[in-house]
>>> print(open('coords.cif').read())   # mmCIF, C-alpha atoms
data_coords
loop_
_atom_site.label_atom_id
_atom_site.label_comp_id
_atom_site.auth_asym_id
_atom_site.auth_seq_id
_atom_site.Cartn_x
_atom_site.Cartn_y
_atom_site.Cartn_z
CA MET A 1 94.54 83.64 83.36
CA ASN A 2 90.90 84.63 83.32
CA TYR A 3 90.17 88.31 83.42
CA PRO A 4 86.78 89.74 84.48
CA GLN A 5 84.03 90.34 81.93
CA GLY A 6 84.21 93.64 80.17
CA THR A 7 87.88 94.26 80.73
CA ALA A 8 90.17 94.85 77.82
CA ALA A 9 92.46 92.05 78.96
CA GLN A 10 89.68 89.51 78.57
CA GLN A 11 89.80 90.23 74.86
CA LYS A 12 93.57 90.33 74.86
CA LEU A 13 93.52 94.08 74.27
CA ALA A 14 96.12 96.18 76.00
CA CYS A 15 96.60 99.87 76.51
CA CYS A 16 100.01 101.38 75.84
CA HIS A 17 101.08 102.79 79.17
CA VAL A 18 102.61 105.84 77.49
CA CYS A 19 100.18 106.98 74.81
CA HIS A 20 97.02 105.02 75.67
CA THR A 21 96.72 103.50 72.20
CA ILE A 22 94.74 100.26 72.23
CA VAL A 23 96.73 97.31 70.93
CA ASP A 24 95.60 93.77 70.14
CA THR A 25 98.21 91.69 71.94
CA GLN A 26 97.39 88.61 69.88
CA ALA A 27 98.62 90.45 66.80
CA HIS A 28 101.26 92.84 68.12
CA THR A 29 103.68 93.05 70.99
CA HIS A 30 104.47 96.74 70.52
CA CYS A 31 102.40 99.89 70.36
CA SER A 32 101.56 100.95 66.81
CA PHE A 33 102.18 104.60 67.58
CA CYS A 34 105.15 104.75 69.87
CA ARG A 35 106.85 101.33 69.50
CA ASN A 36 106.87 100.70 73.26
CA SER A 37 106.34 97.14 74.35
CA VAL A 38 102.77 96.59 75.45
CA HIS A 39 101.54 94.22 78.16
CA LEU A 40 98.13 93.17 79.43
CA ARG A 41 99.29 93.91 82.96
CA ARG A 42 102.55 95.54 83.96
CA PRO A 43 104.98 92.65 84.38
CA GLY A 44 106.67 92.39 87.72
CA SER A 45 104.84 95.41 89.12
CA ILE A 46 104.36 93.90 92.56
CA GLN A 47 107.96 92.68 92.74
CA LYS A 48 109.28 96.08 91.72
CA SER A 49 106.99 97.87 94.12
CA LEU A 50 108.00 95.64 97.02
CA ALA A 51 111.68 95.96 96.15
CA TYR A 52 111.47 99.75 96.24
CA LEU A 53 109.39 99.58 99.41
CA PHE A 54 111.93 97.37 101.13
CA THR A 55 114.70 99.78 100.14
CA SER A 56 112.81 102.69 101.62
CA VAL A 57 112.18 100.79 104.86
CA VAL A 58 115.89 100.02 105.10
CA PHE A 59 116.68 103.71 104.61
CA TYR A 60 114.06 104.71 107.16
CA ILE A 61 116.05 103.16 110.01
CA PRO A 62 119.09 105.46 109.78
CA ALA A 63 116.76 108.34 108.89
CA ASN A 64 115.35 108.15 112.40
CA ALA A 65 118.36 106.81 114.27
CA PHE A 66 120.86 109.41 113.12
CA PRO A 67 120.55 113.17 113.59
CA ILE A 68 119.08 115.19 110.77
CA MET A 69 120.62 118.52 111.76
CA ASN A 70 123.63 119.65 113.81
CA THR A 71 123.60 123.11 115.40
CA THR A 72 126.95 124.49 116.53
CA THR A 73 126.55 127.43 118.93
CA LEU A 74 129.78 128.96 120.25
CA GLY A 75 131.62 125.68 119.87
CA GLN A 76 128.87 123.54 121.39
CA VAL A 77 127.41 121.01 118.98
CA GLU A 78 123.76 120.06 119.38
CA SER A 79 122.36 117.32 117.16
CA HIS A 80 118.80 116.24 116.89
CA THR A 81 116.96 113.51 115.06
CA ILE A 82 113.60 114.00 113.37
CA ALA A 83 111.71 112.76 116.43
CA GLU A 84 113.75 114.90 118.80
CA GLY A 85 113.04 117.90 116.60
CA VAL A 86 109.30 117.35 116.88
CA VAL A 87 109.53 117.07 120.67
CA THR A 88 111.68 120.23 120.89
CA PHE A 89 109.19 122.24 118.86
CA TRP A 90 106.28 120.91 120.89
CA LYS A 91 107.93 121.73 124.20
CA ALA A 92 108.81 125.22 122.94
CA GLY A 93 105.15 125.82 122.22
CA ASP A 94 105.53 125.79 118.42
CA TYR A 95 102.58 123.43 118.05
CA PRO A 96 101.88 124.08 114.32
CA ILE A 97 105.48 123.41 113.30
CA ALA A 98 105.73 120.34 115.51
CA LEU A 99 102.57 119.03 113.90
CA VAL A 100 103.76 119.76 110.35
CA ILE A 101 107.09 117.99 110.90
CA PHE A 102 105.40 115.08 112.68
CA VAL A 103 102.85 114.57 109.91
CA ALA A 104 105.30 115.08 107.04
CA SER A 105 108.30 113.17 108.38
CA ILE A 106 106.83 110.47 110.57
CA MET A 107 103.17 109.94 109.79
CA ILE A 108 103.23 110.18 105.99
CA PRO A 109 106.21 107.87 105.30
CA VAL A 110 104.93 105.19 107.68
CA ALA A 111 101.38 105.51 106.34
CA LYS A 112 102.70 105.18 102.79
CA MET A 113 104.72 102.09 103.65
CA ILE A 114 101.71 100.45 105.26
CA ALA A 115 99.42 101.50 102.39
CA ILE A 116 101.75 100.14 99.70
CA SER A 117 102.24 96.84 101.57
CA TRP A 118 98.48 96.59 101.91
CA LEU A 119 97.96 97.27 98.19
CA CYS A 120 100.62 94.72 97.23
CA TRP A 121 99.06 92.15 99.57
CA PHE A 122 95.67 92.54 97.94
CA SER A 123 97.06 92.59 94.42
CA THR A 124 98.24 89.00 94.72
CA GLY A 125 96.51 85.70 95.27
CA SER A 126 92.79 85.22 95.20
CA ARG A 127 91.96 87.42 98.14
CA LYS A 128 88.75 89.29 97.81
CA ALA A 129 89.22 93.02 97.91
CA ASN A 130 87.18 96.16 98.34
CA GLN A 131 88.41 97.64 95.11
CA ARG A 132 87.07 101.14 95.47
CA GLN A 133 88.60 101.55 98.89
CA LEU A 134 91.95 100.25 97.71
CA THR A 135 91.91 102.54 94.67
CA ARG A 136 91.23 105.47 96.95
CA VAL A 137 94.16 104.42 99.16
CA TYR A 138 96.35 104.26 96.05
CA ARG A 139 95.30 107.74 94.92
CA VAL A 140 95.98 109.31 98.31
CA THR A 141 99.33 107.54 98.56
CA GLU A 142 100.44 108.93 95.20
CA LEU A 143 99.25 112.43 96.10
CA ILE A 144 100.88 112.83 99.49
CA GLY A 145 104.14 111.16 98.51
CA LYS A 146 106.33 114.17 97.89
CA TRP A 147 105.17 116.17 100.90
CA SER A 148 107.48 114.23 103.18
CA MET A 149 110.34 116.21 101.67
CA ILE A 150 109.35 119.24 103.78
CA ASP A 151 111.86 118.35 106.48
CA VAL A 152 114.70 117.94 103.97
CA PHE A 153 114.00 121.39 102.55
CA VAL A 154 113.83 122.89 106.05
CA VAL A 155 117.28 121.46 106.77
CA THR A 156 118.54 122.76 103.40
CA LEU A 157 117.33 126.25 104.14
CA MET A 158 118.63 126.28 107.70
CA VAL A 159 122.06 125.12 106.52
CA ALA A 160 122.15 127.78 103.83
CA LEU A 161 120.99 130.54 106.18
CA VAL A 162 122.89 129.93 109.38
CA GLN A 163 126.57 130.03 108.47
CA MET A 164 128.17 132.41 110.91
CA GLY A 165 131.33 130.50 111.72
CA SER A 166 131.77 129.60 115.36
CA LEU A 167 129.03 131.98 116.52
CA MET A 168 126.31 129.76 115.11
CA SER A 169 126.32 127.37 112.19
CA ILE A 170 124.14 124.52 111.09
CA SER A 171 125.13 121.43 109.17
CA PRO A 172 123.02 118.56 107.84
CA GLY A 173 123.24 115.21 109.59
CA PRO A 174 123.34 111.78 107.92
CA ALA A 175 119.58 111.40 108.38
CA ALA A 176 118.93 114.14 105.81
CA ILE A 177 120.11 112.17 102.80
CA THR A 178 118.70 108.87 104.01
CA PHE A 179 115.32 110.46 104.63
CA ALA A 180 115.38 111.95 101.13
CA ALA A 181 116.08 108.41 99.89
CA VAL A 182 113.04 107.14 101.83
CA VAL A 183 110.81 109.68 100.09
CA VAL A 184 112.24 108.92 96.64
CA PHE A 185 111.89 105.16 97.05
CA THR A 186 108.34 105.27 98.43
CA MET A 187 107.42 107.45 95.47
CA LEU A 188 108.99 104.94 93.07
CA SER A 189 107.25 102.11 94.91
CA ALA A 190 103.79 103.69 94.62
CA HIS A 191 104.44 104.49 90.99
CA ALA A 192 105.38 100.89 90.17
CA LEU A 193 102.04 99.47 91.28
CA ASP A 194 99.42 98.45 88.73
CA THR A 195 95.93 99.07 90.13
CA ARG A 196 94.41 96.81 87.49
CA ASN A 197 95.66 93.83 89.48
CA ILE A 198 93.30 94.84 92.28
CA TRP A 199 90.35 95.15 89.93
CA ASP A 200 91.01 91.66 88.54
CA LYS A 201 89.96 90.15 91.86
CA ASP A 202 86.46 89.10 92.80
CA GLN A 203 84.34 91.87 94.21
CA LEU A 204 84.17 91.92 97.99
CA MET B 1 83.65 89.82 71.28
CA SER B 2 83.05 93.55 71.15
CA ILE B 3 84.28 95.54 68.23
CA LEU B 4 86.85 98.26 68.70
CA HIS B 5 85.50 101.63 67.77
CA ALA B 6 87.32 104.81 66.95
CA ASN B 7 86.38 106.23 70.31
CA SER B 8 87.15 103.13 72.38
CA VAL B 9 89.15 103.67 75.51
CA ILE B 10 90.52 101.46 78.24
CA CYS B 11 90.22 102.66 81.82
CA GLN B 12 93.73 102.96 83.23
CA THR B 13 92.62 102.02 86.72
CA CYS B 14 90.42 98.98 86.23
CA ASP B 15 91.06 97.95 82.60
CA GLN B 16 87.43 98.23 81.57
CA LEU B 17 86.92 98.46 77.81
CA LEU B 18 84.64 101.41 77.17
CA GLN B 19 83.26 103.54 74.42
CA LEU B 20 83.49 107.27 74.93
CA PRO B 21 80.37 109.20 73.97
CA GLU B 22 80.54 112.61 72.38
CA ILE B 23 81.76 114.81 75.23
CA GLN B 24 80.47 118.31 75.39
CA THR B 25 82.50 121.28 76.53
CA ASP B 26 83.21 121.41 80.26
CA HIS B 27 81.97 117.87 80.72
CA ARG B 28 83.91 114.99 82.17
CA ALA B 29 83.69 111.25 81.54
CA PHE B 30 84.06 108.74 84.38
CA CYS B 31 84.51 104.99 84.28
CA PRO B 32 81.26 103.23 85.27
CA ARG B 33 83.13 100.50 87.11
CA CYS B 34 85.66 102.34 89.21
CA ASP B 35 84.58 105.99 88.99
CA SER B 36 87.96 107.28 87.92
CA LEU B 37 88.28 110.15 85.49
CA LEU B 38 88.67 109.02 81.90
CA THR B 39 88.83 112.35 80.19
CA SER B 40 87.49 115.86 80.37
CA PHE B 41 86.83 118.19 77.54
CA SER B 42 87.24 121.92 77.59
CA GLY B 43 87.34 124.01 74.45
CA ASP B 44 90.07 126.39 75.47
CA SER B 45 92.10 124.35 77.94
CA LEU B 46 95.22 124.53 75.76
CA GLN B 47 94.99 128.30 75.62
CA GLN B 48 94.50 128.43 79.38
CA GLY B 49 97.49 126.16 79.76
CA ILE B 50 99.64 128.41 77.60
CA ALA B 51 98.54 131.50 79.51
CA PHE B 52 99.26 129.93 82.90
CA SER B 53 102.61 128.53 81.84
CA ILE B 54 103.87 131.81 80.35
CA ALA B 55 102.90 133.58 83.56
CA ALA B 56 104.64 130.82 85.51
CA LEU B 57 107.77 131.18 83.41
CA ILE B 58 108.03 134.91 84.11
CA LEU B 59 107.53 134.23 87.80
CA LEU B 60 110.11 131.44 87.66
CA VAL B 61 112.76 133.83 86.39
CA SER B 62 111.98 136.28 89.15
CA THR B 63 111.93 133.50 91.76
CA TYR B 64 115.40 132.31 90.79
CA TYR B 65 116.95 135.71 90.22
CA PHE B 66 115.84 137.70 93.25
CA PRO B 67 116.65 136.85 96.87
CA ILE B 68 114.09 135.02 98.95
CA LEU B 69 115.03 136.64 102.22
CA ASP B 70 117.49 138.80 104.10
CA LEU B 71 118.65 137.57 107.45
CA SER B 72 120.31 139.78 110.07
CA VAL B 73 121.58 138.58 113.42
CA GLN B 74 124.00 140.40 115.71
CA GLY B 75 125.14 142.74 112.99
CA GLN B 76 125.87 139.97 110.48
CA SER B 77 123.55 139.93 107.53
CA ARG B 78 123.00 137.35 104.82
CA THR B 79 120.96 137.27 101.62
CA LEU B 80 119.63 134.02 100.30
CA SER B 81 118.24 133.14 96.91
CA LEU B 82 116.56 129.85 96.04
CA ILE B 83 119.40 128.54 93.92
CA GLN B 84 121.92 129.51 96.61
CA SER B 85 120.09 127.35 99.12
CA ALA B 86 120.75 124.34 96.88
CA THR B 87 124.30 125.27 95.84
CA SER B 88 125.33 125.90 99.45
CA LEU B 89 124.87 122.18 100.04
CA LEU B 90 126.98 121.38 96.99
CA ASP B 91 129.69 123.79 98.17
CA ARG B 92 129.82 122.07 101.53
CA GLY B 93 130.46 118.75 99.87
CA ASP B 94 126.97 117.29 100.36
CA ILE B 95 126.87 116.38 96.70
CA VAL B 96 124.00 113.88 96.79
CA LEU B 97 121.68 115.97 98.94
CA GLY B 98 122.54 119.15 97.06
CA SER B 99 121.94 117.46 93.70
CA LEU B 100 118.58 116.10 94.84
CA VAL B 101 117.45 119.55 95.97
CA MET B 102 118.70 121.08 92.72
CA ILE B 103 116.81 118.48 90.69
CA PHE B 104 113.52 118.67 92.59
CA VAL B 105 113.40 122.44 93.05
CA VAL B 106 115.36 123.97 90.18
CA ILE B 107 115.94 121.61 87.28
CA ALA B 108 112.62 119.74 87.22
CA PRO B 109 110.34 122.83 87.38
CA THR B 110 112.37 124.64 84.71
CA ILE B 111 112.45 121.74 82.27
CA THR B 112 108.80 120.86 82.94
CA LEU B 113 107.71 124.43 82.34
CA LEU B 114 109.72 124.82 79.14
CA ALA B 115 108.41 121.49 77.86
CA VAL B 116 104.85 122.48 78.68
CA ILE B 117 105.06 125.84 76.92
CA THR B 118 106.62 124.34 73.80
CA LEU B 119 104.16 121.46 73.72
CA PHE B 120 101.00 123.45 74.35
CA THR B 121 101.95 126.15 71.85
CA GLY B 122 102.80 123.54 69.23
CA LEU B 123 99.55 121.66 69.73
CA GLU B 124 97.49 124.84 69.70
CA LEU B 125 99.09 126.00 66.47
CA LYS B 126 98.61 122.47 65.07
CA ILE B 127 102.22 122.16 63.98
CA LYS B 128 103.22 118.66 62.88
CA HIS B 129 106.40 117.51 64.55
CA GLY B 130 107.70 114.25 65.97
CA ALA B 131 109.07 116.04 69.03
CA TRP B 132 105.59 116.36 70.59
CA TYR B 133 105.69 112.68 71.46
CA TRP B 134 108.92 113.04 73.42
CA LEU B 135 107.87 116.28 75.05
CA THR B 136 104.60 114.78 76.26
CA ARG B 137 106.28 111.65 77.49
CA GLY B 138 108.98 113.66 79.26
CA PHE B 139 106.41 116.01 80.73
CA TYR B 140 104.33 113.24 82.32
CA PHE B 141 107.50 111.64 83.64
CA LEU B 142 108.79 114.84 85.24
CA LYS B 143 105.41 115.95 86.53
CA ASP B 144 105.63 113.87 89.71
CA TRP B 145 109.16 114.99 90.53
CA ASN B 146 108.48 118.71 90.88
CA MET B 147 108.68 119.64 94.53
CA ILE B 148 108.84 123.38 94.44
CA GLU B 149 105.54 123.80 96.26
CA VAL B 150 106.83 121.46 98.99
CA TYR B 151 109.91 123.71 99.18
CA LEU B 152 107.56 126.65 99.72
CA VAL B 153 105.94 124.99 102.73
CA GLY B 154 109.41 124.10 104.03
CA LEU B 155 110.29 127.77 103.63
CA PHE B 156 107.29 128.77 105.76
CA VAL B 157 108.38 126.37 108.49
CA THR B 158 111.95 127.69 108.38
CA LEU B 159 110.77 131.30 108.54
CA THR B 160 108.62 130.60 111.58
CA LYS B 161 111.59 128.91 113.21
CA MET B 162 114.10 131.64 112.33
CA ASN B 163 111.84 134.51 113.27
CA ALA B 164 112.61 133.93 116.92
CA LEU B 165 116.37 133.86 116.36
CA ALA B 166 116.99 136.65 113.88
CA GLU B 167 115.55 139.54 111.98
CA ILE B 168 114.12 138.47 108.66
CA GLU B 169 113.16 140.58 105.71
CA LEU B 170 111.21 138.84 102.95
CA GLY B 171 112.62 139.30 99.48
CA LEU B 172 110.84 139.62 96.15
CA ALA B 173 111.47 135.98 95.29
CA PHE B 174 109.39 134.92 98.29
CA TRP B 175 106.19 136.46 96.93
CA SER B 176 107.00 135.41 93.40
CA LEU B 177 107.51 131.84 94.62
CA ILE B 178 104.01 131.79 96.11
CA LEU B 179 102.48 133.09 92.89
CA PHE B 180 104.66 130.79 90.82
CA SER B 181 103.40 127.73 92.70
CA PHE B 182 99.79 128.60 91.88
CA PHE B 183 100.42 129.29 88.21
CA PHE B 184 102.69 126.30 87.78
CA LEU B 185 100.12 123.90 89.21
CA ALA B 186 97.38 125.55 87.18
CA ALA B 187 99.45 125.14 84.00
CA ILE B 188 100.24 121.49 84.65
CA TYR B 189 96.69 120.47 85.49
CA SER B 190 95.00 122.62 82.86
CA VAL B 191 94.85 119.98 80.15
CA ASP B 192 93.49 116.48 80.18
CA ARG B 193 96.00 113.70 79.59
CA HIS B 194 93.80 111.74 77.21
CA GLN B 195 93.03 114.82 75.11
CA ILE B 196 96.72 115.70 74.92
CA TRP B 197 97.61 112.26 73.61
CA LEU B 198 94.77 112.44 71.07
CA SER B 199 96.23 115.71 69.75
CA VAL B 200 99.77 114.38 69.82
CA LYS B 201 98.77 111.29 67.86
CA LYS B 202 97.31 113.52 65.19
CA LEU B 203 100.28 115.84 65.01
CA ALA B 204 103.39 113.86 65.85
CA ILE B 205 104.87 112.13 62.85
CA GLN B 206 106.70 109.01 63.90
#
>>> encode(input="coords.cif", output="structure tokens")
Amino acid sequence: MNYPQGTAAQQKLACCHVCHTIVDTQAHTHCSFCRNSVHLRRPGSIQKSLAYLFTSVVFYIPANAFPIMNTTTLGQVESHTIAEGVVTFWKAGDYPIALVIFVASIMIPVAKMIAISWLCWFSTGSRKANQRQLTRVYRVTELIGKWSMIDVFVVTLMVALVQMGSLMSISPGPAAITFAAVVVFTMLSAHALDTRNIWDKDQL
Amino acid sequence: MSILHANSVICQTCDQLLQLPEIQTDHRAFCPRCDSLLTSFSGDSLQQGIAFSIAALILLVSTYYFPILDLSVQGQSRTLSLIQSATSLLDRGDIVLGSLVMIFVVIAPTITLLAVITLFTGLELKIKHGAWYWLTRGFYFLKDWNMIEVYLVGLFVTLTKMNALAEIELGLAFWSLILFSFFFLAAIYSVDRHQIWLSVKKLAIQ
């Protein structure tokens, strides 16, 4: 495989992903400092990333189909899903909260899934890519990843706070754990990607 | 075929083989190809890191120990601390969810902070020990899985929601959590990754 001029891989030099020591892969297979195996490019990074991404998409379906929180008031049980929660807040006039939940629980996960698919798509084959733009997408994806957990923590706090027996009590719905799984797996998926694959392509 | 120098680096983002020039204090080096940060140099960043992380540790203790808020509705009152919010899920039988919250909000920040203090102090005092390698590796692994500042925003949302339903009194842990988030992030981002590994390679005997 031909790597671009000036890259370390062109000279068969690799960087240990842990301690950044430069290793000549023609002479060694392991890092001289930390004994980790060293590769020119992370092997199977796209496969791993897509596998995690697929898992998170699968978890995203029950996360939106099932209720995330059940409120029991005087014997009456009221359940709502993430989307229903946003609508309820909006109708009640709590626009900031509705917006926060919408962005954190609906916009960010979907945006991440699209971004990671896009990055994987351009990491393969001989497609030309706008590398700077893609790198920026990657950075943003990694940064905003954990903020989707806001809704899970809101449910956690509500459950812990409102436990007054049959007067009013709150319990988490099945969507809570599946949504947490979505966040964890999109984070793992973004982390598994190797941006160097994008920079190996011809400049757009 | 270019020769490897002592100050050769490889850009993590685009794999460009580069030679780092002498970096002056408070200067940063960027990759010419992809513009990503290679390293930054600051003379006292370790000391800053130690200062921030000790402050964060004190605030961490107060955040876990004191209650976050007092809730009163219709005569019934309830006090909630941060750890209780996670253990209440475990008590209910939601083991997986409760464990995740415990890991992201309690276990990860505590271990990260302790690792950071030990590591920074050791590097600053130039002690030779093989453990620095594992601490650094563990630290960069755990760094992404700290979600205590996300918990704080979730707390804000919950408070806004509960304010309409009940009477809320903010506890000491609430304010200490806000301060903790600032100091914790400052401690984690105070030192440059490349510089840390350079120090560790000098001091960690393998």
>>> residues_around(input="coords.cif", residues="Val96 of chain B", least_positions_apart="6", cutoff="10 Å", atoms="all atoms listed in the file", output="tab-separated table (two decimals) with C-alpha atoms, in the frame of the given file")
chain	number	residue	atom	x	y	z
A	177	ILE	CA	120.11	112.17	102.80
A	180	ALA	CA	115.38	111.95	101.13
B	89	LEU	CA	124.87	122.18	100.04
B	90	LEU	CA	126.98	121.38	96.99
B	102	MET	CA	118.70	121.08	92.72
>>> resolve_selection(input="coords.cif", expression="the PyMOL selection byres ((chain A) within 7 of (chain B))", output="number ranges by chain")
A: 6-8, 15, 18-19, 97, 132, 146-147, 149-151, 153-154, 156-158, 160-161, 177, 195-196, 199
>>> resolve_selection(input="coords.cif", expression="the PyMOL selection byres ((chain A and resi 123) around 8)", output="list in words")
Ile46, Leu119, Cys120, Trp121, Phe122, Thr124, Gly125, Thr195, Asn197, Ile198 and Lys201 of chain A
>>> residues_near_point(input="coords.cif", point="(86.1, 116.7, 76.7)", cutoff="9 Å", atoms="only C-alpha atoms", output="MDAnalysis selection string")
chainID B and resid 22:29 39:43 192 195
>>> resolve_selection(input="coords.cif", expression="the PyMOL selection byres ((chain A and resi 82) around 8)", output="list of chain:residue names")
A:Ala63, A:Asn64, A:Pro67, A:Ile68, A:His80, A:Thr81, A:Ala83, A:Glu84, A:Gly85, A:Val86, A:Ser105
>>> atom_distance(input="coords.cif", atom1="atom CA of Lys91 of chain A", atom2="atom CA of Ala104 of chain A")
18.6 Å
>>> atom_distance(input="coords.cif", atom1="atom CA of Phe33 of chain A", atom2="atom CA of Leu37 of chain B")
23.3 Å
>>> residues_around(input="coords.cif", residues="segment 113-118 of chain B", least_positions_apart="5", cutoff="8 Å", atoms="all atoms listed in the file", output="list in words")
Ile50, Ser53, Ile54, Ala56, Leu57, Leu135, Thr136, Gly138, Phe139, Phe184 and Ile188 of chain B
>>> atom_distance(input="coords.cif", atom1="atom CA of Ile144 of chain A", atom2="atom CA of Ile108 of chain A")
7.4 Å
>>> closest_residue(input="coords.cif", among="B:Ser99, B:Ser176, B:Thr121, B:Thr110", to="Ala51 of chain B", atoms="all atoms listed in the file")
B:Thr121
>>> closest_residue(input="coords.cif", among="A:Ala111, A:Ala192, A:Ala181, A:Val159", to="Asn70 of chain A", atoms="all atoms listed in the file")
A:Val159
